[in-house]
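Here's data_36.csv, which has CSV, C-alpha atoms:
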chain,number,residue,atom,x,y,z
A,63,MET,CA,-1.5,-97.5,-49.5
A,64,ASN,CA,-1.1,-94.3,-51.5
A,65,ILE,CA,0.3,-91.8,-49.0
A,66,ILE,CA,-0.8,-88.7,-51.0
A,67,ARG,CA,-4.3,-89.9,-51.9
A,68,ASP,CA,-5.2,-91.5,-48.5
A,69,VAL,CA,-3.4,-89.4,-46.0
A,70,ILE,CA,-2.3,-85.9,-47.2
A,71,LYS,CA,-5.2,-85.1,-49.3
A,72,PRO,CA,-8.0,-85.8,-46.8
A,73,ILE,CA,-6.1,-84.2,-44.0
A,74,SER,CA,-5.4,-81.0,-46.0
A,75,LYS,CA,-9.1,-81.0,-47.0
A,76,GLY,CA,-10.1,-81.1,-43.4
A,77,MET,CA,-7.6,-78.5,-42.3
A,78,LYS,CA,-8.8,-76.2,-45.1
A,79,ILE,CA,-12.2,-76.1,-43.4
A,80,THR,CA,-10.6,-75.5,-40.1
A,81,LEU,CA,-8.6,-72.6,-41.6
A,82,ARG,CA,-11.7,-71.2,-43.2
A,83,HIS,CA,-13.5,-71.0,-39.9
A,84,PHE,CA,-10.4,-69.7,-38.2
A,85,LEU,CA,-10.4,-66.7,-40.5
A,86,GLU,CA,-14.1,-66.0,-40.3
A,87,PRO,CA,-15.2,-63.0,-38.1
A,88,LYS,CA,-15.9,-64.1,-34.5
A,89,ASP,CA,-19.4,-64.5,-33.2
A,90,THR,CA,-18.6,-63.9,-29.6
A,91,VAL,CA,-20.2,-60.9,-27.8
A,92,SER,CA,-17.8,-60.0,-25.0
A,93,TYR,CA,-20.7,-59.3,-22.7
A,94,PRO,CA,-19.6,-57.0,-19.9
A,95,GLU,CA,-17.7,-54.8,-22.2
A,96,GLN,CA,-19.8,-55.0,-25.3
A,97,ARG,CA,-23.5,-55.7,-25.4
A,98,LYS,CA,-25.7,-57.7,-27.8
A,99,GLU,CA,-28.1,-55.5,-29.8
A,100,GLN,CA,-31.5,-55.7,-28.2
A,101,PHE,CA,-34.6,-56.1,-30.3
A,102,PRO,CA,-37.1,-53.2,-30.3
A,103,ARG,CA,-39.8,-55.3,-28.5
A,104,THR,CA,-37.5,-56.9,-25.9
A,105,ARG,CA,-39.4,-57.4,-22.7
A,106,TRP,CA,-37.4,-57.1,-19.5
A,107,ARG,CA,-37.7,-54.9,-16.4
A,108,HIS,CA,-41.0,-53.0,-16.0
A,109,VAL,CA,-41.2,-49.2,-16.0
A,110,LEU,CA,-44.2,-47.2,-14.9
A,111,LEU,CA,-44.6,-44.2,-17.2
A,112,ARG,CA,-45.7,-40.7,-16.7
A,113,TYR,CA,-47.4,-38.1,-18.9
A,114,GLU,CA,-45.4,-35.2,-20.2
A,115,ASN,CA,-46.7,-33.0,-17.3
A,116,GLY,CA,-45.3,-35.4,-14.7
A,117,LEU,CA,-48.6,-37.0,-13.7
A,118,GLU,CA,-48.6,-40.8,-13.5
A,119,ARG,CA,-50.3,-42.8,-16.2
A,120,CYS,CA,-51.3,-45.6,-13.9
A,121,ILE,CA,-54.9,-45.2,-12.7
A,122,GLY,CA,-54.8,-48.2,-10.3
A,123,CYS,CA,-57.3,-50.3,-12.2
A,124,SER,CA,-55.6,-53.6,-11.5
A,125,LEU,CA,-56.1,-54.9,-15.0
A,126,CYS,CA,-52.4,-55.7,-15.2
A,127,ALA,CA,-52.7,-57.8,-12.0
A,128,GLY,CA,-55.7,-59.6,-13.5
A,129,ALA,CA,-53.9,-60.3,-16.8
A,130,CYS,CA,-50.8,-61.5,-15.1
A,131,PRO,CA,-50.5,-65.3,-15.5
A,132,VAL,CA,-48.3,-65.7,-12.4
A,133,ARG,CA,-50.0,-63.1,-10.2
A,134,CYS,CA,-46.9,-61.2,-9.5
A,135,ILE,CA,-48.4,-57.7,-9.6
A,136,TYR,CA,-50.0,-56.2,-6.6
A,137,VAL,CA,-52.0,-52.9,-7.0
A,138,GLU,CA,-53.7,-51.0,-4.2
A,139,ALA,CA,-55.7,-48.0,-5.6
A,140,ALA,CA,-56.6,-44.8,-3.8
A,141,GLU,CA,-58.7,-41.8,-4.7
A,142,ASN,CA,-57.1,-38.7,-6.1
A,143,THR,CA,-58.0,-35.5,-4.4
A,144,ASP,CA,-57.5,-31.9,-5.7
A,145,GLU,CA,-54.9,-31.3,-3.0
A,146,GLU,CA,-53.1,-34.5,-3.7
A,147,ARG,CA,-53.2,-35.5,-7.4
A,148,TYR,CA,-51.1,-38.3,-8.8
A,149,SER,CA,-52.9,-39.2,-12.0
A,150,PRO,CA,-55.4,-37.4,-14.2
A,151,GLY,CA,-58.2,-39.9,-13.5
A,152,GLU,CA,-60.2,-40.5,-10.4
A,153,ARG,CA,-57.9,-43.0,-8.9
A,154,TYR,CA,-54.2,-43.7,-8.7
A,155,ALA,CA,-52.0,-46.6,-7.6
A,156,LYS,CA,-51.1,-46.1,-3.9
A,157,ARG,CA,-49.1,-49.2,-3.9
A,158,TYR,CA,-47.7,-50.9,-6.9
A,159,GLU,CA,-45.5,-53.9,-6.4
A,160,ILE,CA,-44.0,-56.4,-8.8
A,161,ASN,CA,-42.3,-59.6,-7.7
A,162,LEU,CA,-39.6,-59.6,-10.4
A,163,LEU,CA,-38.5,-63.1,-9.5
A,164,ARG,CA,-41.9,-64.6,-10.0
A,165,CYS,CA,-42.5,-62.5,-13.2
A,166,ILE,CA,-42.0,-64.3,-16.5
A,167,TYR,CA,-41.8,-61.1,-18.6
A,168,CYS,CA,-44.6,-62.1,-20.9
A,169,GLY,CA,-45.8,-58.5,-21.4
A,170,TYR,CA,-49.5,-59.3,-20.8
A,171,CYS,CA,-49.6,-56.4,-18.3
A,172,GLN,CA,-48.4,-54.1,-21.0
A,173,ASP,CA,-51.1,-55.3,-23.3
A,174,ALA,CA,-53.8,-55.1,-20.6
A,175,CYS,CA,-53.0,-51.5,-19.5
A,176,PRO,CA,-55.6,-49.1,-20.8
A,177,THR,CA,-53.4,-46.0,-20.3
A,178,GLY,CA,-50.1,-47.5,-21.4
A,179,ALA,CA,-48.7,-46.9,-18.0
A,180,ILE,CA,-46.7,-50.1,-17.6
A,181,VAL,CA,-44.1,-51.1,-20.2
A,182,LEU,CA,-41.3,-53.6,-20.3
A,183,ARG,CA,-37.9,-52.3,-21.2
A,184,GLU,CA,-34.5,-53.6,-22.1
A,185,ASP,CA,-32.8,-53.7,-18.6
A,186,TYR,CA,-32.0,-57.4,-18.1
A,187,GLU,CA,-29.4,-57.1,-15.4
A,188,LEU,CA,-31.6,-58.2,-12.6
A,189,ALA,CA,-29.8,-60.9,-10.8
A,190,ASP,CA,-29.3,-60.4,-7.1
A,191,TYR,CA,-28.3,-62.2,-3.9
A,192,THR,CA,-31.4,-62.1,-1.8
A,193,ARG,CA,-35.1,-62.7,-2.5
A,194,GLU,CA,-36.1,-59.5,-0.9
A,195,ALA,CA,-34.2,-57.5,-3.5
A,196,PHE,CA,-36.6,-58.6,-6.2
A,197,ILE,CA,-39.7,-56.9,-4.8
A,198,ALA,CA,-39.9,-53.8,-7.0
A,199,THR,CA,-42.0,-51.1,-5.4
A,200,LYS,CA,-43.7,-48.2,-7.1
A,201,GLU,CA,-40.9,-45.9,-6.4
A,202,MET,CA,-38.4,-48.2,-8.0
A,203,LEU,CA,-40.6,-48.8,-11.1
A,204,LEU,CA,-41.8,-45.3,-11.7
A,205,GLU,CA,-40.0,-43.3,-14.3
A,206,PRO,CA,-38.2,-40.2,-12.9
A,207,LEU,CA,-40.0,-36.8,-13.1
A,208,PRO,CA,-39.5,-35.1,-16.4
A,209,VAL,CA,-36.9,-32.3,-16.2
A,210,ARG,CA,-38.3,-28.9,-17.1
A,211,ASP,CA,-36.4,-27.5,-20.0
A,212,GLU,CA,-36.5,-23.8,-19.0
A,213,VAL,CA,-34.3,-22.7,-21.9
A,214,ALA,CA,-36.7,-24.2,-24.4
A,215,GLU,CA,-39.6,-22.5,-22.6
A,216,ALA,CA,-37.9,-19.1,-22.7
A,217,MET,CA,-37.2,-19.6,-26.4
A,218,ALA,CA,-40.9,-20.4,-27.0
A,219,LYS,CA,-41.9,-17.2,-25.4
B,37,MET,CA,-63.3,-65.4,4.4
B,38,GLU,CA,-60.3,-67.0,6.1
B,39,LYS,CA,-56.9,-66.8,4.5
B,40,ARG,CA,-54.6,-69.7,4.3
B,41,VAL,CA,-51.0,-68.6,4.8
B,42,GLN,CA,-48.2,-70.9,4.1
B,43,GLU,CA,-44.9,-70.0,5.7
B,44,ILE,CA,-41.8,-70.6,3.7
B,45,VAL,CA,-38.6,-71.2,5.5
B,46,LEU,CA,-35.8,-69.7,3.4
B,47,ARG,CA,-32.3,-70.7,4.1
B,48,ASP,CA,-29.6,-68.2,3.9
B,49,SER,CA,-26.8,-68.9,1.6
B,50,SER,CA,-24.2,-71.1,3.1
B,51,THR,CA,-21.5,-68.8,1.7
B,52,PRO,CA,-22.5,-65.3,2.8
B,53,ALA,CA,-20.9,-62.3,1.2
B,54,ILE,CA,-19.1,-59.7,3.3
B,55,PRO,CA,-19.8,-56.2,2.0
B,56,ASN,CA,-16.6,-54.6,3.2
B,57,LEU,CA,-13.6,-56.8,3.3
B,58,GLU,CA,-11.4,-55.2,6.0
B,59,ILE,CA,-7.8,-54.9,4.8
B,60,GLY,CA,-5.0,-54.5,7.3
B,61,GLY,CA,-6.1,-57.2,9.7
B,62,ASN,CA,-4.0,-60.3,9.3
B,63,VAL,CA,-1.8,-59.5,6.4
B,64,LEU,CA,-0.6,-63.0,5.8
B,65,VAL,CA,-4.1,-64.6,5.5
B,66,THR,CA,-5.6,-61.6,3.7
B,67,ARG,CA,-3.1,-62.0,0.9
B,68,LEU,CA,-3.7,-65.8,0.9
B,69,ASP,CA,-7.4,-65.1,0.7
B,70,GLU,CA,-7.0,-63.0,-2.3
B,71,ILE,CA,-5.0,-65.6,-4.1
B,72,VAL,CA,-7.4,-68.4,-3.2
B,73,ASN,CA,-10.4,-66.3,-4.2
B,74,TRP,CA,-8.7,-65.4,-7.5
B,75,ALA,CA,-8.2,-69.1,-8.3
B,76,ARG,CA,-11.7,-70.0,-7.1
B,77,ARG,CA,-13.6,-67.4,-9.0
B,78,ASN,CA,-11.8,-67.8,-12.2
B,79,SER,CA,-12.1,-71.6,-12.5
B,80,ILE,CA,-15.7,-72.3,-11.5
B,81,PHE,CA,-16.8,-75.7,-12.8
B,82,PRO,CA,-20.5,-75.7,-13.1
B,83,LEU,CA,-22.5,-78.9,-12.8
B,84,THR,CA,-24.7,-80.0,-15.7
B,85,PHE,CA,-28.0,-79.6,-14.0
B,86,GLY,CA,-30.5,-78.6,-16.7
B,87,LEU,CA,-34.0,-79.4,-15.7
B,88,ALA,CA,-36.1,-77.6,-18.3
B,89,CYS,CA,-36.1,-74.9,-20.9
B,90,CYS,CA,-33.7,-72.7,-19.0
B,91,ALA,CA,-31.1,-75.4,-19.8
B,92,ILE,CA,-31.2,-74.4,-23.4
B,93,GLU,CA,-30.2,-70.9,-22.5
B,94,MET,CA,-27.5,-72.3,-20.2
B,95,MET,CA,-26.1,-74.3,-23.1
B,96,SER,CA,-26.3,-71.2,-25.3
B,97,THR,CA,-24.4,-69.3,-22.7
B,98,ALA,CA,-21.6,-71.9,-22.9
B,99,ALA,CA,-21.6,-71.8,-26.7
B,100,ALA,CA,-19.6,-69.6,-29.1
B,101,ARG,CA,-21.8,-66.4,-29.1
B,102,PHE,CA,-21.7,-65.8,-25.3
B,103,ASP,CA,-18.7,-68.1,-24.5
B,104,LEU,CA,-18.6,-68.8,-20.8
B,105,ALA,CA,-15.0,-69.9,-21.3
B,106,ARG,CA,-14.1,-66.2,-21.0
B,107,PHE,CA,-14.8,-66.6,-17.3
B,108,GLY,CA,-13.2,-70.0,-16.9
B,109,MET,CA,-16.6,-71.7,-16.5
B,110,GLU,CA,-16.9,-73.7,-19.7
B,111,VAL,CA,-16.2,-77.0,-18.2
B,112,PHE,CA,-19.6,-78.4,-17.3
B,113,ARG,CA,-19.0,-81.4,-15.2
B,114,ALA,CA,-21.3,-84.4,-15.2
B,115,SER,CA,-20.1,-85.5,-11.8
B,116,PRO,CA,-21.0,-83.5,-8.7
B,117,ARG,CA,-17.6,-84.5,-7.2
B,118,GLN,CA,-15.8,-82.3,-9.7
B,119,ALA,CA,-18.2,-79.4,-9.7
B,120,ASP,CA,-18.2,-76.1,-7.7
B,121,LEU,CA,-21.3,-74.5,-9.0
B,122,MET,CA,-24.8,-75.8,-9.4
B,123,ILE,CA,-26.9,-73.8,-11.9
B,124,VAL,CA,-30.4,-75.0,-11.1
B,125,ALA,CA,-31.9,-74.3,-14.5
B,126,GLY,CA,-35.6,-75.1,-14.7
B,127,ARG,CA,-38.5,-76.1,-12.5
B,128,VAL,CA,-37.7,-78.5,-9.7
B,129,SER,CA,-40.5,-81.0,-9.1
B,130,LYS,CA,-41.1,-82.4,-5.6
B,131,LYS,CA,-39.9,-85.7,-6.9
B,132,MET,CA,-36.7,-84.1,-8.1
B,133,ALA,CA,-36.1,-82.3,-4.8
B,134,PRO,CA,-34.4,-85.1,-2.9
B,135,VAL,CA,-32.2,-85.8,-5.9
B,136,LEU,CA,-31.2,-82.2,-6.1
B,137,ARG,CA,-30.3,-82.1,-2.4
B,138,GLN,CA,-28.3,-85.3,-2.7
B,139,ILE,CA,-26.3,-84.0,-5.6
B,140,TYR,CA,-25.7,-80.8,-3.7
B,141,ASP,CA,-24.4,-82.7,-0.8
B,142,GLN,CA,-22.1,-84.7,-3.0
B,143,MET,CA,-20.4,-81.5,-4.2
B,144,PRO,CA,-17.1,-80.7,-2.5
B,145,ALA,CA,-17.0,-77.9,0.0
B,146,PRO,CA,-16.6,-74.5,-1.6
B,147,LYS,CA,-19.8,-74.7,-3.6
B,148,TRP,CA,-22.2,-72.2,-4.9
B,149,VAL,CA,-25.7,-72.4,-6.2
B,150,VAL,CA,-27.3,-70.2,-8.9
B,151,SER,CA,-31.0,-70.4,-9.2
B,152,MET,CA,-31.7,-69.7,-12.8
B,153,GLY,CA,-35.1,-68.5,-14.0
B,154,ALA,CA,-38.5,-67.8,-12.4
B,155,CYS,CA,-39.3,-71.5,-11.8
B,156,ALA,CA,-36.2,-72.5,-9.9
B,157,SER,CA,-36.2,-69.2,-7.9
B,158,CYS,CA,-39.8,-69.3,-6.8
B,159,GLY,CA,-42.0,-71.6,-8.8
B,160,GLY,CA,-42.7,-69.2,-11.7
B,161,ILE,CA,-46.0,-70.1,-13.4
B,162,PHE,CA,-46.1,-73.5,-11.8
B,163,ASN,CA,-47.8,-72.6,-8.6
B,164,ASN,CA,-49.1,-76.1,-8.0
B,165,TYR,CA,-48.7,-79.2,-5.9
B,166,ALA,CA,-46.0,-80.7,-8.0
B,167,ILE,CA,-43.4,-78.0,-8.2
B,168,VAL,CA,-41.1,-76.8,-5.4
B,169,GLN,CA,-41.8,-73.1,-4.9
B,170,GLY,CA,-38.2,-72.0,-4.9
B,171,VAL,CA,-35.2,-74.1,-4.8
B,172,ASP,CA,-34.0,-72.1,-1.8
B,173,GLN,CA,-36.3,-74.4,0.3
B,174,ILE,CA,-33.9,-77.2,-0.5
B,175,VAL,CA,-30.4,-75.8,-1.0
B,176,PRO,CA,-28.9,-72.4,-0.1
B,177,VAL,CA,-28.9,-70.2,-3.1
B,178,ASP,CA,-26.2,-67.6,-3.7
B,179,VAL,CA,-27.6,-65.7,-6.8
B,180,TYR,CA,-31.1,-65.6,-8.2
B,181,VAL,CA,-31.6,-64.9,-11.8
B,182,PRO,CA,-35.1,-63.8,-12.8
B,183,GLY,CA,-36.5,-64.3,-16.3
B,184,CYS,CA,-38.4,-67.0,-18.2
B,185,PRO,CA,-35.9,-68.0,-19.3
B,186,PRO,CA,-33.1,-65.6,-18.5
B,187,SER,CA,-31.2,-64.6,-21.6
B,188,PRO,CA,-27.5,-65.7,-21.8
B,189,ASP,CA,-26.4,-62.2,-20.9
B,190,ALA,CA,-28.6,-62.2,-17.9
B,191,LEU,CA,-27.0,-65.5,-16.7
B,192,ILE,CA,-23.5,-64.2,-17.4
B,193,TYR,CA,-24.4,-61.1,-15.3
B,194,ALA,CA,-25.4,-63.4,-12.5
B,195,LEU,CA,-22.2,-65.3,-12.8
B,196,ILE,CA,-20.2,-62.1,-12.6
B,197,LYS,CA,-22.2,-61.2,-9.5
B,198,LEU,CA,-21.2,-64.6,-8.1
B,199,GLN,CA,-17.6,-63.9,-8.9
B,200,GLN,CA,-17.9,-60.6,-7.0
B,201,LYS,CA,-19.4,-62.6,-4.1
B,202,ILE,CA,-16.6,-65.1,-4.1
B,203,ARG,CA,-14.1,-62.2,-4.1
B,204,THR,CA,-15.4,-61.0,-0.7
B,205,GLN,CA,-15.3,-64.4,1.0
B,206,ARG,CA,-12.7,-65.4,3.4
B,207,LEU,CA,-11.0,-68.8,3.9
B,208,GLY,CA,-12.3,-69.8,7.3
B,209,MET,CA,-15.9,-68.9,6.8
B,210,LEU,CA,-16.7,-71.6,4.3
B,211,LEU,CA,-16.2,-74.1,7.1
B,212,GLU,CA,-19.1,-72.7,9.1
B,213,LEU,CA,-21.9,-73.8,7.0
B,214,LYS,CA,-24.9,-73.0,9.1
B,215,PRO,CA,-28.2,-72.6,7.3
B,216,ARG,CA,-30.6,-70.2,9.0
B,217,THR,CA,-33.3,-72.0,10.7
B,218,GLU,CA,-35.9,-69.4,11.7
B,219,PRO,CA,-38.2,-68.1,9.0
B,220,LEU,CA,-36.4,-65.4,7.3
B,221,ALA,CA,-38.8,-63.8,4.9
B,222,ILE,CA,-42.1,-64.6,3.4
B,223,GLU,CA,-42.7,-63.4,-0.1
B,224,ARG,CA,-44.2,-60.0,0.1
B,225,GLY,CA,-46.5,-58.2,-2.3
B,226,ASN,CA,-48.5,-60.4,-4.5
B,227,GLY,CA,-46.1,-63.2,-3.8
B,228,VAL,CA,-48.1,-63.8,-0.7
B,229,GLN,CA,-51.3,-63.9,-2.6
B,230,ALA,CA,-49.7,-66.4,-4.9
B,231,ILE,CA,-49.2,-68.8,-2.0
B,232,THR,CA,-52.3,-67.7,-0.1
B,233,GLY,CA,-55.4,-69.3,-1.3
B,234,GLU,CA,-58.9,-68.5,0.0
B,235,LYS,CA,-60.5,-71.3,1.8

How does the structure come out when it is put into structure tokens?
Amino acid sequence: MNIIRDVIKPISKGMKITLRHFLEPKDTVSYPEQRKEQFPRTRWRHVLLRYENGLERCIGCSLCAGACPVRCIYVEAAENTDEERYSPGERYAKRYEINLLRCIYCGYCQDACPTGAIVLREDYELADYTREAFIATKEMLLEPLPVRDEVAEAMAK
Amino acid sequence: MEKRVQEIVLRDSSTPAIPNLEIGGNVLVTRLDEIVNWARRNSIFPLTFGLACCAIEMMSTAAARFDLARFGMEVFRASPRQADLMIVAGRVSKKMAPVLRQIYDQMPAPKWVVSMGACASCGGIFNNYAIVQGVDQIVPVDVYVPGCPPSPDALIYALIKLQQKIRTQRLGMLLELKPRTEPLAIERGNGVQAITGEK
């Protein structure tokens, strides 16, 4: 047995590969401290959008509930009145609930929405301890009211 | 039109979390609790329990990019006797349910369950006669992870939440494993419609 040819050479060849991988940059994303880059069309938690004037985009048509393959959306519509106006159309969603546990984040609701009210955004940190915590009501889903930029308005004048 | 409502009995988790751990009670046991919880939460051995596509994401979580070893959870045990955590990854069929329960019973006492994905948590798209509508009908679940499937970061987030839960637990309470017997909650919203068919 030739000790150089049969032992040292193959082992050093193998160790060279090990060393090469050891020196490569690491793939690991240290998740809680550092986050993986999300793709622009990532679909996670839903958000109900508003128009720029603060009115809700959702008109309570239930097309999202119809398109949903798991039936996890519940919409109850009501009529807008001039005293109480939520959306520019005739009707608005009085109740809008999504069961985030049942939802499979397919984005069909987003495709079905005629006004672009419901969108799926990047927030994936949804895990929780109880089942009740996963029922997202309209208040939880709705985007906060736009803040009036008074400085910009004064500048425009 | 009469509605058919099916009641689901949900069991509370066998290892409940205490929101505020009172410090200053029994000093000796409190410190011991902290040491034991520190050891428990940083060396959770999950059970290899991949049932469907969620298992691929679970394997990905254990692999180099997400690296579950950072949390001391990389050792996926094939035997329930050596495992602390059951990650139910995938849909549980009615035929699999007794097996799942038996494996859960075989795990030694401080044990936790993470229900991974929409199917394990509540049936997901499989609202039919073959699939258990939520694994919490069989075993007590500690953390639910939504998603179809949840991304590895979402699962890691759930496992961090589990670690937070273990942190609040005390030594004696794990002995009192009393599943809740009365119906706790029925899925609200459209979840009710999902299990409520019209006759």

So, counting all atoms listed in the file, which residue among B:Tyr140, B:Tyr165, B:Trp74, B:Trp148 is closest to B:Arg117?
B:Tyr140

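Between atom CA of B:Gly159 and atom CA of A:Tyr167 lies a distance of 14.4 Å.
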
Expected answer as a short mmCIF file (atom, residue, chain, number, x, y, z; two decimals) with C-alpha atoms, keeping the file's coordinate frame: chain A residues within 8 Å of chain B, only C-alpha atoms:
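out_13.cif, freshly written:
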data_model
loop_
_atom_site.label_atom_id
_atom_site.label_comp_id
_atom_site.auth_asym_id
_atom_site.auth_seq_id
_atom_site.Cartn_x
_atom_site.Cartn_y
_atom_site.Cartn_z
CA ASP A 89 -19.40 -64.50 -33.20
CA THR A 90 -18.60 -63.90 -29.60
CA VAL A 91 -20.20 -60.90 -27.80
CA SER A 92 -17.80 -60.00 -25.00
CA TYR A 93 -20.70 -59.30 -22.70
CA PRO A 94 -19.60 -57.00 -19.90
CA TRP A 106 -37.40 -57.10 -19.50
CA PRO A 131 -50.50 -65.30 -15.50
CA VAL A 132 -48.30 -65.70 -12.40
CA ARG A 133 -50.00 -63.10 -10.20
CA CYS A 134 -46.90 -61.20 -9.50
CA ILE A 135 -48.40 -57.70 -9.60
CA TYR A 136 -50.00 -56.20 -6.60
CA GLU A 159 -45.50 -53.90 -6.40
CA ILE A 160 -44.00 -56.40 -8.80
CA ASN A 161 -42.30 -59.60 -7.70
CA LEU A 162 -39.60 -59.60 -10.40
CA LEU A 163 -38.50 -63.10 -9.50
CA ARG A 164 -41.90 -64.60 -10.00
CA CYS A 165 -42.50 -62.50 -13.20
CA ILE A 166 -42.00 -64.30 -16.50
CA TYR A 167 -41.80 -61.10 -18.60
CA TYR A 186 -32.00 -57.40 -18.10
CA GLU A 187 -29.40 -57.10 -15.40
CA LEU A 188 -31.60 -58.20 -12.60
CA ALA A 189 -29.80 -60.90 -10.80
CA ASP A 190 -29.30 -60.40 -7.10
CA TYR A 191 -28.30 -62.20 -3.90
CA THR A 192 -31.40 -62.10 -1.80
CA ARG A 193 -35.10 -62.70 -2.50
CA GLU A 194 -36.10 -59.50 -0.90
CA ILE A 197 -39.70 -56.90 -4.80
#

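Pairwise distance (atom CA of B:Asp69, atom CA of B:Gln138) equals 29.3 Å.
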
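The coordinates place atom CA of B:Gly126 at 10.6 Å from atom CA of B:Ile167.
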
Using only C-alpha atoms, determine which residues lie at most 10 Å from A:Arg105, disregarding the query and same-chain residues fewer than 2 positions distant; provide the list as a VMD selection string.
(chain A and resid 100 to 103 107 to 108 166 to 169 172 181 to 186) or (chain B and resid 183)

Stretch 119-124 of chain A: which residues within 9 Å, counting all atoms listed in the file, same-chain residues fewer than 6 positions away excluded, as a ChimeraX atom specification?
/A:110-113,135-140,148-158,175-180

Spatial neighbours of B:Pro82, max dist 8 Å, only C-alpha atoms, sep filter under 3 positions, as a PyMOL selection string
chain B and resi 109-113+119-123

Could you check which residues have any atom within 8 Å of (-42.7, -43.5, -10.4), counting only C-alpha atoms with coordinates taken straight from the file, and then list them as a PyMOL selection string?
chain A and resi 110-112+118+200-207

Return the padded bounding box of stretch 68-84 of chain B as JSON: axis-aligned, built from all atoms listed in the file, 5 Å added on each side, with centre and edge lengths in Å to one decimal.
{"center_x": -14.2, "center_y": -71.5, "center_z": -7.4, "size_x": 31.0, "size_y": 27.0, "size_z": 26.6}

Output of stretch 67-72 of chain B limited to all heavy atoms, as a JSON list (two decimals), in the first residue's frame:
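And here's result-v1.json as it stands now:
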[["chain", "number", "residue", "atom", "x", "y", "z"],
["B", 67, "ARG", "N", -36.28, 30.25, 41.49],
["B", 67, "ARG", "CA", -34.99, 30.18, 40.80],
["B", 67, "ARG", "C", -34.83, 28.83, 40.10],
["B", 67, "ARG", "O", -34.32, 28.75, 39.00],
["B", 67, "ARG", "CB", -33.82, 30.38, 41.77],
["B", 67, "ARG", "CG", -33.90, 31.60, 42.66],
["B", 67, "ARG", "CD", -34.39, 32.81, 41.98],
["B", 67, "ARG", "NE", -33.42, 33.34, 41.02],
["B", 67, "ARG", "CZ", -33.61, 34.44, 40.33],
["B", 67, "ARG", "NH1", -34.73, 35.12, 40.47],
["B", 67, "ARG", "NH2", -32.71, 34.87, 39.47],
["B", 68, "LEU", "N", -35.31, 27.79, 40.76],
["B", 68, "LEU", "CA", -35.21, 26.46, 40.17],
["B", 68, "LEU", "C", -36.04, 26.40, 38.88],
["B", 68, "LEU", "O", -35.61, 25.84, 37.88],
["B", 68, "LEU", "CB", -35.69, 25.41, 41.18],
["B", 68, "LEU", "CG", -35.53, 23.94, 40.76],
["B", 68, "LEU", "CD1", -34.06, 23.61, 40.58],
["B", 68, "LEU", "CD2", -36.16, 23.03, 41.77],
["B", 69, "ASP", "N", -37.23, 27.02, 38.94],
["B", 69, "ASP", "CA", -38.08, 27.10, 37.75],
["B", 69, "ASP", "C", -37.33, 27.73, 36.60],
["B", 69, "ASP", "O", -37.38, 27.26, 35.47],
["B", 69, "ASP", "CB", -39.30, 27.98, 38.04],
["B", 69, "ASP", "CG", -40.41, 27.19, 38.67],
["B", 69, "ASP", "OD1", -40.29, 25.97, 38.70],
["B", 69, "ASP", "OD2", -41.37, 27.81, 39.11],
["B", 70, "GLU", "N", -36.65, 28.82, 36.91],
["B", 70, "GLU", "CA", -35.95, 29.53, 35.84],
["B", 70, "GLU", "C", -34.87, 28.67, 35.21],
["B", 70, "GLU", "O", -34.71, 28.65, 33.99],
["B", 70, "GLU", "CB", -35.34, 30.82, 36.39],
["B", 70, "GLU", "CG", -36.30, 31.98, 36.31],
["B", 70, "GLU", "CD", -35.70, 33.25, 36.85],
["B", 70, "GLU", "OE1", -34.49, 33.43, 36.72],
["B", 70, "GLU", "OE2", -36.47, 34.05, 37.41],
["B", 71, "ILE", "N", -34.15, 27.95, 36.05],
["B", 71, "ILE", "CA", -33.08, 27.09, 35.52],
["B", 71, "ILE", "C", -33.68, 25.97, 34.68],
["B", 71, "ILE", "O", -33.22, 25.68, 33.57],
["B", 71, "ILE", "CB", -32.24, 26.53, 36.68],
["B", 71, "ILE", "CG1", -31.48, 27.67, 37.37],
["B", 71, "ILE", "CG2", -31.24, 25.51, 36.17],
["B", 71, "ILE", "CD1", -30.92, 27.31, 38.70],
["B", 72, "VAL", "N", -34.73, 25.34, 35.23],
["B", 72, "VAL", "CA", -35.34, 24.22, 34.50],
["B", 72, "VAL", "C", -35.94, 24.71, 33.19],
["B", 72, "VAL", "O", -35.75, 24.08, 32.14],
["B", 72, "VAL", "CB", -36.41, 23.55, 35.39],
["B", 72, "VAL", "CG1", -37.23, 22.57, 34.59],
["B", 72, "VAL", "CG2", -35.76, 22.84, 36.55]]
